>>> print(open('run.csv').read())   # CSV, C-alpha atoms and all ligand atoms
chain,number,residue,atom,x,y,z
Y,1,MET,CA,32.2,-4.6,23.9
Y,2,LYS,CA,30.6,-7.9,24.8
Y,3,LYS,CA,31.4,-9.0,28.3
Y,4,TYR,CA,30.5,-12.4,29.6
Y,5,ASP,CA,30.0,-13.0,33.3
Y,6,THR,CA,31.5,-16.5,33.0
Y,7,ILE,CA,32.9,-18.6,30.1
Y,8,PHE,CA,31.8,-22.2,30.7
Y,9,LEU,CA,34.0,-24.9,29.1
Y,10,ASP,CA,33.5,-28.5,28.4
Y,11,ARG,CA,36.7,-30.5,28.9
Y,12,ASP,CA,37.2,-33.5,26.5
Y,13,GLY,CA,37.1,-32.6,22.8
Y,14,THR,CA,37.0,-28.9,23.6
Y,15,LEU,CA,40.2,-28.2,25.6
Y,16,ASN,CA,42.0,-31.5,25.0
Y,17,PRO,CA,41.8,-34.4,22.5
Y,18,ASP,CA,39.0,-36.8,23.5
Y,19,LEU,CA,40.7,-40.2,23.8
Y,20,GLY,CA,37.7,-41.8,25.3
Y,21,TYR,CA,37.9,-42.4,29.0
Y,22,ILE,CA,41.0,-40.6,30.1
Y,23,ASN,CA,42.0,-42.5,33.2
Y,24,SER,CA,45.5,-41.2,33.8
Y,25,LEU,CA,47.3,-37.9,33.8
Y,26,ASP,CA,49.8,-39.0,31.1
Y,27,LYS,CA,46.9,-39.5,28.7
Y,28,PHE,CA,45.7,-35.9,29.2
Y,29,SER,CA,47.1,-33.0,27.2
Y,30,PHE,CA,45.6,-29.7,26.1
Y,31,PHE,CA,45.3,-28.9,22.4
Y,32,ASP,CA,48.3,-26.7,21.5
Y,33,PHE,CA,45.9,-23.8,20.7
Y,34,THR,CA,43.9,-24.0,23.9
Y,35,PHE,CA,45.7,-21.5,26.1
Y,36,ASP,CA,46.1,-19.0,23.2
Y,37,ALA,CA,42.3,-19.3,22.8
Y,38,LEU,CA,41.6,-18.8,26.4
Y,39,ASN,CA,43.9,-15.8,26.6
Y,40,MET,CA,42.0,-14.2,23.8
Y,41,LEU,CA,38.7,-15.1,25.3
Y,42,LYS,CA,39.5,-13.6,28.7
Y,43,ALA,CA,39.1,-10.1,27.2
Y,44,TYR,CA,35.4,-11.0,26.9
Y,45,GLY,CA,34.9,-12.7,30.3
Y,46,GLU,CA,37.5,-13.0,33.0
Y,47,ASN,CA,36.2,-16.1,34.7
Y,48,PHE,CA,36.2,-19.6,33.4
Y,49,CYS,CA,34.4,-22.7,34.7
Y,50,ILE,CA,34.8,-26.2,33.5
Y,51,ILE,CA,31.7,-28.5,33.4
Y,52,THR,CA,32.5,-32.1,32.5
Y,53,ASN,CA,30.8,-35.5,32.4
Y,54,GLN,CA,33.2,-38.2,33.7
Y,55,SER,CA,31.0,-41.3,33.6
Y,56,GLY,CA,34.3,-43.3,33.4
Y,57,VAL,CA,34.3,-43.0,37.2
Y,58,GLY,CA,30.8,-44.4,37.5
Y,59,ARG,CA,31.7,-47.1,35.0
Y,60,GLY,CA,34.7,-48.1,37.1
Y,61,ILE,CA,37.1,-47.2,34.3
Y,62,ILE,CA,38.6,-44.1,35.9
Y,63,ASP,CA,39.9,-44.0,39.5
Y,64,ILE,CA,38.6,-40.9,41.3
Y,65,ASP,CA,42.1,-40.2,42.6
Y,66,GLU,CA,43.4,-40.1,39.0
Y,67,LEU,CA,40.6,-37.7,38.1
Y,68,SER,CA,41.7,-35.5,41.0
Y,69,ARG,CA,45.3,-35.5,39.7
Y,70,ILE,CA,44.1,-34.4,36.3
Y,71,ASN,CA,42.0,-31.7,37.9
Y,72,SER,CA,45.0,-30.5,39.8
Y,73,TYR,CA,47.0,-30.4,36.6
Y,74,ILE,CA,44.3,-28.3,34.9
Y,75,LEU,CA,44.1,-25.9,37.8
Y,76,ASP,CA,47.9,-25.5,37.8
Y,77,LYS,CA,47.9,-24.8,34.0
Y,78,PHE,CA,45.2,-22.1,34.3
Y,79,TYR,CA,47.1,-20.6,37.2
Y,80,GLU,CA,50.4,-20.6,35.3
Y,81,ASN,CA,48.6,-18.9,32.4
Y,82,LYS,CA,47.1,-16.3,34.8
Y,83,LEU,CA,43.5,-17.4,34.0
Y,84,SER,CA,40.8,-17.4,36.6
Y,85,LEU,CA,39.2,-20.8,36.8
Y,86,LEU,CA,36.3,-20.8,39.2
Y,87,GLY,CA,36.2,-24.5,39.4
Y,88,ILE,CA,36.1,-27.9,37.7
Y,89,TYR,CA,32.6,-29.3,38.1
Y,90,TYR,CA,32.4,-32.9,37.2
Y,91,CYS,CA,29.7,-35.5,37.2
Y,92,THR,CA,30.7,-39.1,37.6
Y,93,ASP,CA,27.2,-40.5,37.0
Y,94,HIS,CA,26.7,-43.6,34.8
Y,95,PRO,CA,24.4,-42.6,32.0
Y,96,ASP,CA,22.0,-45.4,32.9
Y,97,ASN,CA,21.6,-43.8,36.3
Y,98,ALA,CA,22.1,-40.2,35.6
Y,99,THR,CA,21.1,-37.3,37.9
Y,100,GLU,CA,20.4,-33.7,36.7
Y,101,PHE,CA,24.1,-33.1,37.3
Y,102,ARG,CA,25.1,-35.1,34.2
Y,103,LYS,CA,25.0,-32.9,31.0
Y,104,PRO,CA,22.6,-32.3,29.2
Y,105,GLY,CA,21.2,-31.8,32.7
Y,106,VAL,CA,21.6,-28.3,34.1
Y,107,GLY,CA,22.5,-29.3,37.7
Y,108,LEU,CA,26.2,-28.5,37.6
Y,109,PHE,CA,25.7,-25.2,35.9
Y,110,LYS,CA,23.2,-24.2,38.6
Y,111,LYS,CA,25.6,-25.4,41.3
Y,112,ALA,CA,28.4,-23.4,39.9
Y,113,ALA,CA,26.2,-20.4,39.5
Y,114,ASN,CA,25.0,-20.6,43.2
Y,115,GLU,CA,28.5,-21.1,44.5
Y,116,ASN,CA,30.1,-18.3,42.5
Y,117,GLY,CA,27.3,-15.8,42.0
Y,118,ILE,CA,27.3,-16.3,38.3
Y,119,ASP,CA,24.7,-14.6,36.0
Y,120,LEU,CA,24.1,-17.5,33.6
Y,121,LYS,CA,22.1,-15.3,31.2
Y,122,ARG,CA,25.3,-13.3,30.6
Y,123,SER,CA,27.5,-16.3,30.2
Y,124,ILE,CA,28.5,-18.7,27.4
Y,125,MET,CA,29.0,-22.4,27.2
Y,126,ILE,CA,31.6,-23.8,24.8
Y,127,GLY,CA,31.6,-27.5,23.9
Y,128,ASP,CA,31.8,-30.2,21.2
Y,129,ALA,CA,28.6,-32.2,22.1
Y,130,ARG,CA,24.9,-31.7,21.8
Y,131,SER,CA,24.8,-32.2,25.6
Y,132,ASP,CA,26.9,-29.1,26.0
Y,133,ILE,CA,24.8,-26.9,23.8
Y,134,GLN,CA,21.4,-28.0,25.1
Y,135,PRO,CA,21.8,-27.0,28.8
Y,136,GLY,CA,23.4,-23.7,27.6
Y,137,ILE,CA,20.3,-22.9,25.5
Y,138,LYS,CA,18.0,-24.0,28.3
Y,139,LEU,CA,19.7,-21.7,30.8
Y,140,GLY,CA,19.6,-18.7,28.4
Y,141,MET,CA,23.3,-18.7,27.7
Y,142,GLU,CA,25.1,-18.1,24.5
Y,143,THR,CA,26.6,-21.3,23.1
Y,144,MET,CA,29.6,-22.3,20.9
Y,145,LEU,CA,29.9,-25.6,19.2
Y,146,VAL,CA,33.5,-26.5,18.4
Y,147,LEU,CA,34.2,-29.0,15.7
Y,148,THR,CA,37.0,-30.7,17.5
Y,149,GLY,CA,36.3,-33.9,19.5
Y,150,ARG,CA,32.8,-35.1,18.6
Y,151,GLY,CA,32.0,-31.7,17.2
Y,152,LYS,CA,31.7,-32.7,13.5
Y,153,GLU,CA,29.3,-35.5,14.4
Y,154,THR,CA,27.3,-33.2,16.6
Y,155,GLN,CA,27.1,-30.6,13.8
Y,156,SER,CA,25.7,-33.3,11.4
Y,157,LYS,CA,22.7,-33.9,13.7
Y,158,LEU,CA,22.0,-30.6,15.4
Y,159,ASP,CA,18.3,-30.8,14.4
Y,160,ASN,CA,16.5,-27.9,16.1
Y,161,ILE,CA,19.5,-27.0,18.2
Y,162,ASP,CA,21.1,-23.7,17.1
Y,163,PRO,CA,24.3,-22.7,18.8
Y,164,THR,CA,25.2,-19.0,18.8
Y,165,TYR,CA,28.6,-19.8,17.3
Y,166,CYS,CA,30.1,-22.7,15.5
Y,167,ALA,CA,33.8,-22.8,15.0
Y,168,LYS,CA,36.5,-25.2,13.8
Y,169,ASN,CA,38.1,-25.2,17.2
Y,170,ILE,CA,38.1,-23.0,20.3
Y,171,PHE,CA,40.9,-20.8,18.9
Y,172,GLU,CA,38.9,-20.0,15.8
Y,173,GLY,CA,35.9,-19.5,18.0
Y,174,ALA,CA,37.7,-17.0,20.1
Y,175,LYS,CA,38.7,-15.2,16.9
Y,176,GLN,CA,35.1,-15.0,15.8
Y,177,ILE,CA,34.1,-13.4,19.1
Y,178,MET,CA,37.0,-11.0,18.8
Y,179,SER,CA,36.2,-10.0,15.2
Y,180,GLU,CA,32.5,-9.3,16.2
Y,181,ASN,CA,33.7,-7.0,18.9
Y,182,ASN,CA,36.3,-5.0,16.8
B,1,MG,MG,33.3,-33.0,25.1
>>> encode(input="run.csv", output="structure tokens")
Amino acid sequence: MKKYDTIFLDRDGTLNPDLGYINSLDKFSFFDFTFDALNMLKAYGENFCIITNQSGVGRGIIDIDELSRINSYILDKFYENKLSLLGIYYCTDHPDNATEFRKPGVGLFKKAANENGIDLKRSIMIGDARSDIQPGIKLGMETMLVLTGRGKETQSKLDNIDPTYCAKNIFEGAKQIMSENN
């Protein structure tokens, strides 16, 4: 059976509806299928890790303390659902002044890998944007494009980018991985 070292997750548009710059906890909610999907996925990789661009902070739209509150909420929900979340790695860079830590840069993936001893080549990245799939491929990971959030738009202009999986949402994606391994 396939076993991933770590299942990397994008946040907005993948785990929760992407409302644009989510600047308060009351604007954040998981898709109703997210935890069912993650519970299915954990059979194929016990550790999760969130990698998210939050340029709203760099743009002055999101207060860093509010982002911390949202992160605490996410950590609590993973804990309640008995899922191992290695961390929430976020990049607050403004795109005009982005470092390698802003996706599609690979900086946060490498940081997470160093801090947690992750074998990236045995891992998967799940996200709704080209900037999620690109670093995954670059790092030798499997990738899954989900068609929630910006996913449909991403799918229409994938060009030479070829994700390992493409699914209607993370729940359907989890089912794809499960059916391959039955
Ligand atoms: Mg996204």
>>> closest_residue(input="run.csv", among="Y:Glu142, Y:Glu172, Y:Asp96, Y:Glu180", to="Ala37 in chain Y", atoms="only C-alpha atoms")
Y:Glu172
>>> atom_distance(input="run.csv", atom1="CA of Lys157 in chain Y", atom2="CA of Pro104 in chain Y")
15.6 Å
>>> closest_residue(input="run.csv", among="Y:Arg130, Y:Lys175, Y:Lys121, Y:Lys168", to="ligand MG 1 (chain B)", atoms="only C-alpha atoms and all ligand atoms")
Y:Arg130
>>> closest_residue(input="run.csv", among="Y:Asp132, Y:Asp26, Y:Asp162, Y:Glu100", to="ligand MG 1 (chain B)", atoms="all atoms listed in the file")
Y:Asp132
>>> residues_around(input="run.csv", residues="Phe109 in chain Y", least_positions_apart="5", cutoff="10 Å", atoms="all atoms listed in the file", output="ChimeraX atom specification")
/Y:8,49-51,89,101,103,114-115,118,120,125,135-136,139
>>> atom_distance(input="run.csv", atom1="CA of Thr164 in chain Y", atom2="CA of Val146 in chain Y")
11.2 Å
>>> residues_near_ligand(input="run.csv", ligand="ligand MG 1 (chain B)", cutoff="7 Å", atoms="all atoms listed in the file", output="JSON, numbers by chain")
{"Y": [10, 11, 12, 13, 14, 127, 128, 129, 149, 150]}
>>> write_last_selection(input="run.csv", atoms="C-alpha atoms", output="PDB file, keeping the file's coordinate frame")
ATOM      1  CA  ASP Y  10      33.500 -28.500  28.400  1.00  0.00           C
ATOM      2  CA  ARG Y  11      36.700 -30.500  28.900  1.00  0.00           C
ATOM      3  CA  ASP Y  12      37.200 -33.500  26.500  1.00  0.00           C
ATOM      4  CA  GLY Y  13      37.100 -32.600  22.800  1.00  0.00           C
ATOM      5  CA  THR Y  14      37.000 -28.900  23.600  1.00  0.00           C
ATOM      6  CA  GLY Y 127      31.600 -27.500  23.900  1.00  0.00           C
ATOM      7  CA  ASP Y 128      31.800 -30.200  21.200  1.00  0.00           C
ATOM      8  CA  ALA Y 129      28.600 -32.200  22.100  1.00  0.00           C
ATOM      9  CA  GLY Y 149      36.300 -33.900  19.500  1.00  0.00           C
ATOM     10  CA  ARG Y 150      32.800 -35.100  18.600  1.00  0.00           C
TER      11      ARG Y 150
END
>>> closest_residue(input="run.csv", among="Y:Gln176, Y:Asn116, Y:Ser24, Y:Gln54", to="Leu41 in chain Y", atoms="all atoms listed in the file")
Y:Gln176
>>> closest_residue(input="run.csv", among="Y:Ile170, Y:Ile137, Y:Val106, Y:Ile177", to="Thr34 in chain Y", atoms="only C-alpha atoms")
Y:Ile170
>>> atom_distance(input="run.csv", atom1="CA of Ser123 in chain Y", atom2="CA of Ala98 in chain Y")
25.1 Å
>>> residues_near_point(input="run.csv", point="(39.0, -12.1, 30.0)", cutoff="10 Å", atoms="all atoms listed in the file", output="PyMOL selection string")
chain Y and resi 3-7+38-48+83-84
>>> closest_residue(input="run.csv", among="Y:Met141, Y:Ala167, Y:Met178, Y:Leu15", to="Phe78 in chain Y", atoms="all atoms listed in the file")
Y:Leu15
>>> residues_around(input="run.csv", residues="Pro163 in chain Y", least_positions_apart="2", cutoff="9 Å", atoms="all atoms listed in the file", output="PDB file with C-alpha atoms, in the coordinates of the input")
ATOM      1  CA  ILE Y 133      24.800 -26.900  23.800  1.00  0.00           C
ATOM      2  CA  GLN Y 134      21.400 -28.000  25.100  1.00  0.00           C
ATOM      3  CA  GLY Y 136      23.400 -23.700  27.600  1.00  0.00           C
ATOM      4  CA  ILE Y 137      20.300 -22.900  25.500  1.00  0.00           C
ATOM      5  CA  GLU Y 142      25.100 -18.100  24.500  1.00  0.00           C
ATOM      6  CA  THR Y 143      26.600 -21.300  23.100  1.00  0.00           C
ATOM      7  CA  MET Y 144      29.600 -22.300  20.900  1.00  0.00           C
ATOM      8  CA  LEU Y 145      29.900 -25.600  19.200  1.00  0.00           C
ATOM      9  CA  LEU Y 158      22.000 -30.600  15.400  1.00  0.00           C
ATOM     10  CA  ILE Y 161      19.500 -27.000  18.200  1.00  0.00           C
ATOM     11  CA  TYR Y 165      28.600 -19.800  17.300  1.00  0.00           C
ATOM     12  CA  CYS Y 166      30.100 -22.700  15.500  1.00  0.00           C
TER      13      CYS Y 166
END
>>> residues_around(input="run.csv", residues="Ile22 in chain Y", least_positions_apart="6", cutoff="12 Å", atoms="all atoms listed in the file", output="number ranges by chain")
Y: 11-13, 16, 28-29, 53-57, 61-64, 66-67, 69-71
>>> write_last_selection(input="run.csv", atoms="C-alpha atoms", output="mmCIF file, in the coordinates of the input")
data_model
loop_
_atom_site.group_PDB
_atom_site.id
_atom_site.type_symbol
_atom_site.label_atom_id
_atom_site.label_comp_id
_atom_site.auth_asym_id
_atom_site.auth_seq_id
_atom_site.Cartn_x
_atom_site.Cartn_y
_atom_site.Cartn_z
ATOM 1 C CA ARG Y 11 36.700 -30.500 28.900
ATOM 2 C CA ASP Y 12 37.200 -33.500 26.500
ATOM 3 C CA GLY Y 13 37.100 -32.600 22.800
ATOM 4 C CA ASN Y 16 42.000 -31.500 25.000
ATOM 5 C CA PHE Y 28 45.700 -35.900 29.200
ATOM 6 C CA SER Y 29 47.100 -33.000 27.200
ATOM 7 C CA ASN Y 53 30.800 -35.500 32.400
ATOM 8 C CA GLN Y 54 33.200 -38.200 33.700
ATOM 9 C CA SER Y 55 31.000 -41.300 33.600
ATOM 10 C CA GLY Y 56 34.300 -43.300 33.400
ATOM 11 C CA VAL Y 57 34.300 -43.000 37.200
ATOM 12 C CA ILE Y 61 37.100 -47.200 34.300
ATOM 13 C CA ILE Y 62 38.600 -44.100 35.900
ATOM 14 C CA ASP Y 63 39.900 -44.000 39.500
ATOM 15 C CA ILE Y 64 38.600 -40.900 41.300
ATOM 16 C CA GLU Y 66 43.400 -40.100 39.000
ATOM 17 C CA LEU Y 67 40.600 -37.700 38.100
ATOM 18 C CA ARG Y 69 45.300 -35.500 39.700
ATOM 19 C CA ILE Y 70 44.100 -34.400 36.300
ATOM 20 C CA ASN Y 71 42.000 -31.700 37.900
#
>>> residues_around(input="run.csv", residues="Asp93 in chain Y", least_positions_apart="6", cutoff="7 Å", atoms="all atoms listed in the file", output="VMD selection string")
chain Y and resid 55 58 99 102
